[in-house]
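K.L.:
To start, I am sharing the structure in question, which I have written as structure tokens.
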Amino acid sequence: MSEKKVMLGNEAIARGAYEAGVKVSSAYPGTPSTEISENIVKYPEIYAEWAPNEAVALETAIGASISGVRAIASMKHVGVNVASDPLYSISYIGVNGGLVLVAADDPGLYSSQNEQDTRRVARAAIVPVLEPSDSQEAKDFVKEAFDISEKFDTPVIIRTTTRLAHSQTVVELNDRLEIQDKEYVRDIVKNVMMPGNAKKRHLVVEQRMKDLAEYGNTAAINRVEMGSEIGFITQGIEYQYVKEACPEASVLKLGMVNPLPEKLIRDFASKVKTLYIFEELEPVIEEQVRAWGIPCYGKDIFTIQGEYSANMIRERVLKQELAIEEPADVPARPPILCPGCPHRSTFFVLKKLGIHACGDIGCYTLGAVAPLSVIDTTVCMGASIAMLHGMEKAKGKEYIKNWVAVIGDSTFMHTGIASLENMSYNQSTGTVIIMDNSTTGMTGHQDHAATGKTLMGETVPAISIYHMCKAMNIEHVVEVDAFDTKEMERVIKEETKRDALSVIIACAPCALLKGQKFPYRVREISEKCKKCGACLKPGCPAITKNPDGTVHVDVTMCNGCGLCTQLCHFGALEKYEKEAK
Amino acid sequence: MVTKNIMIVGVGGQGTLLTSRILGGIMTDAGYEVKLSEVHGMAQRGGSVVTYVRYGDKVAEPIVEEGQVDVLIAFERLEALRYAHFLKKDGVIIANDQRIDPMPVVMGAQEYPKDILENLQKKHKIYSIDAMAKAKELGNSRVFNNVVLGMAAKHMQFSKEEWLKIIEKTVPPKTIEINKQAFLAGYEN
């Protein structure tokens with residue numbers, strides 16, 4: 001079979017998992033890693049699931065590996081932080097069936113809260129890292145990673161970046177390898193990490209990295225392409241920028257970016273006149289190369305923040321004058337909540353009441369920006385609830401009466417549960433709003449335990465967020481329709497005033513959720529419009545101002561949620577049934 | 001063949017990904033090496049979105065950089081202006097004559113630039129169409145992106161039949177007919 005297909009980097013990783021004979025895949029969605037699982041699930045040979053968070057995903061893959069099959073866990077870079085607890089210890093234990101963790105970094109911050117570099121994490125956890133440069137390599141490196149994993153008895157990280165994950169390039173497809181399940185053998189010295197055992201394993205792990213570095217000196221995954229006197233050591237998507245700008249240069253393309261192959265690097269450096277280390281984000285290769293006493297250029301001429309490009313090389317290495325025009329000075333177009341988004345309605349009420357919010361990770365992070373401007377903090381998954389608790393313990397219960405924590409349903413299920421447990425256990429009195437839109441919205445609608453559907457499409461009993469809160473001894477748990485602004489206002493006032501912990505579940509499905517029906521639209525009745533601008537306050541993109549100050553509803557964008565009709569006191573906005581017109 | 005660079009810009013939710021998939025499909029079927037780069041995640045929520053499509057005998061980077069675009073397909077006027085500096089000297093703009101106000105404009109903090117297409121015309125070759133109106137005439141405003149693609153298709157070397165074939169292969173079966181009509185409305189405009 002030699003079929004060729006244009007594939008997203010993430011789609012190719014999924015294909016790689018299939019071809020490598022993977023049997024178990026667990027993940028939590030996160031841009032730019034989400035499509036890996038969404039494609040793995042298309043192969044019925046692999047059991048694939050959404051886990052509640054990345055730690056559980058990795059631990060699930062570890063269990064599968066120890067039992068003797070090939071397993072994969074995928075997540076975004078910050079998800080690796082959540083999974084770091086198992087990661088640091090499975091490094092000591094090693095594997096039975098091959099174990100691969102795919103970590104998707106986000107240089108340029110397209111959809112993340114930081115720009116951390118997984119290579120740093122891997123060095124700390126003492127785990128090898130492979131990094132592909134296009135979709136073909138993405139697929140091939142998954143198979144390579146499983147071979148390395150089993151040969152060197154180690155978990156292997158495949159690091160990708162947004163640009164690689166979300167670019168489509170040609171991939172040659174192969175058949176699935178038939179990998180025999182390995183037998184499980186009880187070995188507590190290797191598999192039970194208590195001090196006496198871990199001491200021994202630590203030495204094994206250090207030796208393993210030396211062996212891997214030696215392997216990297218000659219392995220085909222690290223490739224030298226000799227050309228001119230200008231030399232680049234590069235990796236990942238950056239390799240493509242080097243080839244684009246400077247195809248004649250000498251290149252050491254590292255496929256294994258941790259550990260680094262010292263002999264190979266020294267040899268390459270000795271053959272070129274000027275050496276450039278071309279790596280996005282942290283100077284991981286550069287620091288090592290400098291530590292070996294090899295002169296090079298790196299972060300002194302290339303940036304530490306953001307994505308790289310061919311033009312960066314043209315300007316800073318080749319010293320070309322690029323005739324690039326200045327971009328036009330135009331209004332920015334930041335991302336916004338969609339028309340019909342239930343979060344807008346809840347935020348609007350909070351804004352009206354002058355309440356501050358500890359925010360969390362999801363579409364609703366957009367509640368921080370104008371015109372809603374309700375969210376004051378966003379740190380990481382689940383932090384909203386714990387931060388509200390910390391504020392109360394610091395400044396007292398009166399202080400937080402005009403604060404709430406806001407968190408989405410998926411994020412609540414991810415790490416919010418433990419924080420709410422803490423509020424209940426340690427007797428906080430704050431108000432938590434769970435914005436339940438029945439999905440993981442920002443990453444493109446993935447299910448979780450509270451939606452009642454699995455990644456593989458099974459319908460299962462949904463875990464009730466309401467009853468979970470009740471089981472935590474929280475007396476005041478109120479469910480409110482997110483679009484009912486009057487009721488929402490009443491409940492928020494009541495619950496924030498109360499000297500007891502309360503949870504408000506603001507319910508209404510995401511406007512983009514598949515199968516969502518929008519029977520209504522809204523139209524303006526211009527004669528009645530008093531140009532007061534009340535309907536514009538929540539910042540719905542479907543409503544704009546006409547030159548004369550009256551408003552206009554763009555019917556192609558409107559989802560008919562009717563929030564604006566609740567705000568107009570003059571009857572100038574009217575909800576109507578779409579079919580009736 | 002020298003690598004050709006296409007850039008599709010628009011507002012998140014307008015369906016730029018479908019257009020890039022059709023483009024990628026026709027180029028792959030014609031035997032070129034193709035690389036596409038897309039934006040997913042938060043930026044898709046009503047933000048300014050960019051998709052790059054490159055094809056040729058050999059393609060290295062999957063992105064298109066400033067000053068290199070042969071065809072800039074803009075689904076919205078302001079986005080055409082925002083990315084016009086990506087054009088090559090002889091590059092063309094295919095613009096959907098539609099206005100979507102970004103939040104700073106909705107809030108009255110900034111003004112939507114006036115006469116965008118007229119001003120762009122002074123410097124660039126530009127072809128524009130009210131694709132939304134055409135799509136509504138056909139009975140489905142959502143196929144406007146294929147009207148725009150139809151216009152852009154005239155600036156690429158593939159035949160009408162090849163385009164229709166790839167549309168048939170790419171769009172959901174139920175919508176093949178209307179998508180073809182939309183394409184032709186742009187192509188024969």
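Just so we're on the same page: first chain in the structure tokens is A, next is B, and so on; residues restart at 1 for each chain, and ligands are numbered from 1 in the order they show up.
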Tell me as JSON, numbers by chain which residues belonging to chain A come within 8 Å of chain B, counting only C-alpha atoms.

P.N.:
{"A": [6, 31, 32, 110, 111, 163, 166, 167, 168, 169, 170, 237, 240, 241, 243, 244, 309, 310, 311, 323, 324, 325, 326, 327, 328, 329, 330, 331, 332, 333, 334, 335, 336, 337, 338, 363, 371, 442, 443, 444, 536, 537, 539, 541, 543, 544, 545, 556]}

K.L.:
Print the selection's residues with C-alpha atoms to a file, as a tab-separated table (two decimals), in the first residue's frame.

P.N.:
```
chain	number	residue	atom	x	y	z
A	6	VAL	CA	-2.52	15.50	2.57
A	31	THR	CA	-5.20	23.52	21.20
A	32	PRO	CA	-3.06	22.60	19.29
A	110	TYR	CA	-2.42	31.29	19.26
A	111	SER	CA	-4.56	29.78	21.99
A	163	ARG	CA	2.43	25.41	13.11
A	166	HIS	CA	-2.15	22.69	12.06
A	167	SER	CA	-0.31	22.50	8.76
A	168	GLN	CA	-1.25	19.99	6.10
A	169	THR	CA	1.43	18.26	4.07
A	170	VAL	CA	1.65	15.02	2.11
A	237	ILE	CA	9.12	23.41	11.77
A	240	GLN	CA	11.47	24.33	6.87
A	241	TYR	CA	12.25	28.02	7.34
A	243	LYS	CA	15.35	25.31	3.75
A	244	GLU	CA	13.10	28.08	2.44
A	309	SER	CA	10.13	32.52	9.67
A	310	ALA	CA	12.28	32.38	6.56
A	311	ASN	CA	12.35	36.17	6.50
A	323	ALA	CA	11.17	45.24	0.54
A	324	ILE	CA	8.27	44.72	2.92
A	325	GLU	CA	5.57	47.31	3.06
A	326	GLU	CA	4.29	48.60	6.35
A	327	PRO	CA	0.98	47.00	7.28
A	328	ALA	CA	-2.02	49.31	7.10
A	329	ASP	CA	-3.07	50.90	10.38
A	330	VAL	CA	-6.47	49.28	10.86
A	331	PRO	CA	-8.74	48.41	13.78
A	332	ALA	CA	-7.74	45.14	15.45
A	333	ARG	CA	-10.11	42.19	15.29
A	334	PRO	CA	-9.66	40.31	18.54
A	335	PRO	CA	-11.55	37.06	19.14
A	336	ILE	CA	-14.97	37.52	20.73
A	337	LEU	CA	-17.76	35.45	22.18
A	338	CYS	CA	-20.02	34.15	19.39
A	363	CYS	CA	-13.92	30.67	25.68
A	371	PRO	CA	-17.03	45.50	26.61
A	442	MET	CA	-12.96	26.49	22.85
A	443	THR	CA	-11.22	23.41	21.50
A	444	GLY	CA	-14.14	22.64	19.21
A	536	LEU	CA	-24.81	47.16	22.26
A	537	LYS	CA	-23.43	46.82	25.79
A	539	GLY	CA	-20.90	43.25	22.66
A	541	PRO	CA	-21.17	40.92	16.98
A	543	ILE	CA	-25.65	44.04	16.34
A	544	THR	CA	-24.09	47.14	14.81
A	545	LYS	CA	-24.83	50.82	14.83
A	556	THR	CA	-26.86	35.96	8.98
```

K.L.:
Could you give me, as an MDAnalysis selection string, each residue of range 1-168 of chain B that DSSP assigns to strand (DSSP E or B) when run on this structure's backbone?

P.N.:
chainID B and resid 4:11 33:37 48:56 69:74 87:96 125:129

K.L.:
Write out, as a compact mmCIF listing (two decimals), in the first residue's frame, the residues just selected, with N, CA and C atoms.

P.N.:
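selection.txt was written with the following content:
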```
# COMPACT_ATOMS: atom_id res chain seq x y z
N LYS B 4 3.67 28.76 -5.87
CA LYS B 4 2.63 29.79 -5.83
C LYS B 4 2.10 29.92 -4.41
N ASN B 5 1.84 31.13 -4.03
CA ASN B 5 1.42 31.39 -2.66
C ASN B 5 0.03 32.01 -2.60
N ILE B 6 -0.84 31.36 -1.87
CA ILE B 6 -2.21 31.86 -1.73
C ILE B 6 -2.48 32.09 -0.25
N MET B 7 -3.19 33.15 0.03
CA MET B 7 -3.50 33.45 1.42
C MET B 7 -5.00 33.72 1.50
N ILE B 8 -5.65 33.06 2.43
CA ILE B 8 -7.08 33.26 2.62
C ILE B 8 -7.27 33.95 3.95
N VAL B 9 -7.92 35.10 3.95
CA VAL B 9 -8.11 35.82 5.21
C VAL B 9 -9.59 36.09 5.41
N GLY B 10 -9.99 36.17 6.65
CA GLY B 10 -11.40 36.41 6.93
C GLY B 10 -11.63 36.52 8.42
N VAL B 11 -12.89 36.36 8.78
CA VAL B 11 -13.28 36.46 10.18
C VAL B 11 -13.61 35.05 10.65
N GLU B 33 3.30 19.45 -5.02
CA GLU B 33 3.47 19.37 -3.58
C GLU B 33 2.69 20.53 -2.97
N VAL B 34 1.90 20.23 -1.97
CA VAL B 34 1.04 21.25 -1.37
C VAL B 34 1.30 21.34 0.12
N LYS B 35 1.36 22.55 0.64
CA LYS B 35 1.39 22.72 2.09
C LYS B 35 0.36 23.78 2.48
N LEU B 36 -0.40 23.47 3.51
CA LEU B 36 -1.41 24.42 4.00
C LEU B 36 -1.16 24.67 5.48
N SER B 37 -1.49 25.87 5.91
CA SER B 37 -1.38 26.14 7.33
C SER B 37 -2.62 26.89 7.79
N SER B 48 -9.60 37.65 13.60
CA SER B 48 -9.03 37.70 12.27
C SER B 48 -8.29 36.39 12.01
N VAL B 49 -8.69 35.66 10.97
CA VAL B 49 -8.04 34.36 10.73
C VAL B 49 -7.36 34.30 9.36
N VAL B 50 -6.29 33.54 9.33
CA VAL B 50 -5.45 33.45 8.15
C VAL B 50 -5.20 32.00 7.81
N THR B 51 -5.31 31.64 6.55
CA THR B 51 -4.91 30.31 6.09
C THR B 51 -3.94 30.49 4.93
N TYR B 52 -2.85 29.74 4.96
CA TYR B 52 -1.88 29.79 3.87
C TYR B 52 -1.98 28.53 3.03
N VAL B 53 -1.87 28.70 1.72
CA VAL B 53 -1.82 27.55 0.83
C VAL B 53 -0.65 27.77 -0.13
N ARG B 54 0.26 26.81 -0.20
CA ARG B 54 1.40 26.93 -1.11
C ARG B 54 1.47 25.67 -1.97
N TYR B 55 1.76 25.85 -3.25
CA TYR B 55 1.92 24.66 -4.10
C TYR B 55 2.98 24.92 -5.15
N GLY B 56 3.62 23.82 -5.55
CA GLY B 56 4.68 23.90 -6.55
C GLY B 56 5.37 22.55 -6.65
N VAL B 69 2.66 36.99 -1.55
CA VAL B 69 1.37 36.39 -1.92
C VAL B 69 1.01 36.64 -3.39
N ASP B 70 0.67 35.58 -4.11
CA ASP B 70 0.20 35.72 -5.49
C ASP B 70 -1.28 36.05 -5.53
N VAL B 71 -2.06 35.34 -4.75
CA VAL B 71 -3.51 35.58 -4.70
C VAL B 71 -3.94 35.72 -3.24
N LEU B 72 -4.48 36.89 -2.93
CA LEU B 72 -5.01 37.12 -1.58
C LEU B 72 -6.53 37.02 -1.66
N ILE B 73 -7.08 35.99 -1.04
CA ILE B 73 -8.53 35.81 -1.04
C ILE B 73 -9.06 36.35 0.29
N ALA B 74 -9.81 37.45 0.21
CA ALA B 74 -10.29 38.09 1.44
C ALA B 74 -11.80 37.93 1.53
N LEU B 87 1.02 40.98 -0.18
CA LEU B 87 1.00 40.75 -1.63
C LEU B 87 2.35 41.00 -2.28
N LYS B 88 2.61 40.21 -3.32
CA LYS B 88 3.71 40.48 -4.24
C LYS B 88 3.34 41.72 -5.05
N LYS B 89 4.32 42.25 -5.77
CA LYS B 89 4.05 43.43 -6.59
C LYS B 89 2.89 43.19 -7.55
N ASP B 90 2.90 42.04 -8.24
CA ASP B 90 1.86 41.78 -9.23
C ASP B 90 0.78 40.83 -8.70
N GLY B 91 0.71 40.70 -7.38
CA GLY B 91 -0.31 39.83 -6.79
C GLY B 91 -1.71 40.43 -6.92
N VAL B 92 -2.72 39.57 -6.88
CA VAL B 92 -4.09 40.07 -7.00
C VAL B 92 -4.88 39.82 -5.71
N ILE B 93 -5.87 40.70 -5.50
CA ILE B 93 -6.78 40.53 -4.37
C ILE B 93 -8.14 40.10 -4.90
N ILE B 94 -8.68 39.05 -4.32
CA ILE B 94 -10.06 38.66 -4.59
C ILE B 94 -10.83 38.99 -3.31
N ALA B 95 -11.72 39.96 -3.39
CA ALA B 95 -12.35 40.41 -2.14
C ALA B 95 -13.85 40.19 -2.17
N ASN B 96 -14.34 39.64 -1.08
CA ASN B 96 -15.78 39.58 -0.87
C ASN B 96 -16.18 40.95 -0.31
N LYS B 125 -4.10 45.05 -8.06
CA LYS B 125 -5.14 44.52 -8.93
C LYS B 125 -6.16 43.87 -8.00
N ILE B 126 -7.39 44.31 -8.10
CA ILE B 126 -8.38 43.79 -7.17
C ILE B 126 -9.69 43.46 -7.87
N TYR B 127 -10.24 42.31 -7.54
CA TYR B 127 -11.54 41.90 -8.07
C TYR B 127 -12.45 41.67 -6.89
N SER B 128 -13.61 42.32 -6.92
CA SER B 128 -14.49 42.16 -5.76
C SER B 128 -15.89 41.72 -6.19
N ILE B 129 -16.58 41.14 -5.24
CA ILE B 129 -17.92 40.64 -5.52
C ILE B 129 -18.71 40.64 -4.22
```

K.L.:
Hey, which of A:Glu3, A:Glu248, A:Glu262, A:Asp105 ends up closest to Ala213 in chain A? Count only C-alpha atoms.

P.N.:
A:Glu262

K.L.:
Have a look at B:Val143, B:Met151, B:Ile166, B:Leu117 and name the one nearest to Asp29 in chain B; count only C-alpha atoms.

P.N.:
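Under the stated criterion, the closest residue is B:Ile166.
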
K.L.:
So what do you get for CA of Gly354 in chain A versus CA of Trp403 in chain A, distance-wise?

P.N.:
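For CA of Gly354 in chain A relative to CA of Trp403 in chain A, the distance reads 9.0 Å.
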
K.L.:
So the first atom is CA of Ala153 in chain B and the second is CA of Leu8 in chain A; what is the distance between them in Å, to one decimal place?

P.N.:
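Here the two named atoms are 23.8 Å from each other.
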
K.L.:
Just to confirm, what's the straight-line distance from CA of Gln181 in chain B to CA of Val147 in chain B in Å (one decimal)?

P.N.:
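A separation of 8.3 Å between them.
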
K.L.:
Please report, as JSON, numbers by chain, each residue of range 6-189 of chain B to which DSSP assigns alpha helix (DSSP H) when run on this structure's backbone.

P.N.:
{"B": [16, 17, 18, 19, 20, 21, 22, 23, 24, 25, 26, 27, 28, 29, 77, 78, 79, 80, 81, 82, 83, 103, 104, 105, 106, 116, 117, 118, 119, 120, 121, 122, 123, 131, 132, 133, 134, 135, 136, 137, 138, 144, 145, 146, 147, 148, 149, 150, 151, 152, 153, 160, 161, 162, 163, 164, 165, 166, 167, 168, 169, 170, 176, 177, 178, 179, 180, 181, 182, 183, 184, 185, 186, 187]}

K.L.:
Give me, as CSV, each residue of range 205-298 of chain A that comes within 9 Å of range 143-159 of chain A, together with its shortest interatomic pair and the distance in Å at one decimal, counting only C-alpha atoms, with rows ordered by chain and rising residue number.

P.N.:
```
residue,atom,partner,partner_atom,distance
A:Val205,CA,A:Thr154,CA,8.4
A:Arg208,CA,A:Phe152,CA,6.8
A:Asp211,CA,A:Phe152,CA,8.2
A:Leu212,CA,A:Phe152,CA,7.6
A:Ile221,CA,A:Glu144,CA,8.6
A:Gly236,CA,A:Arg159,CA,8.6
```

K.L.:
From the list A:Val284, A:Asp484, A:Thr496, A:Gly231, which residue is nearest Ala122 in chain A when using only C-alpha atoms?

P.N.:
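Checking each candidate against Ala122 in chain A, we get A:Val284 as the closest.
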
K.L.:
So that I can see what lies close to Asn96 in chain A, please list as an MDAnalysis selection string the residues with an atom at most 7 Å from it, counting only C-alpha atoms and leaving out residues fewer than 6 positions away in the same chain.

P.N.:
chainID A and resid 65:68

K.L.:
Residues within 12 Å of Asp115 in chain B, please, as a list in words. Count only C-alpha atoms; anything in the same chain fewer than 6 positions from it doesn't count.

P.N.:
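With the cut-off at 12 Å, the set is Arg77, Leu78, Leu81, Asp97, Arg99, Gln121 and Lys122 of chain B.
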
K.L.:
Could you name the residues that touch Ile361 in chain A at 8 Å or less, counting only C-alpha atoms, but leaving out those on the same chain fewer than 5 positions away, as a count of residues only?

P.N.:
8
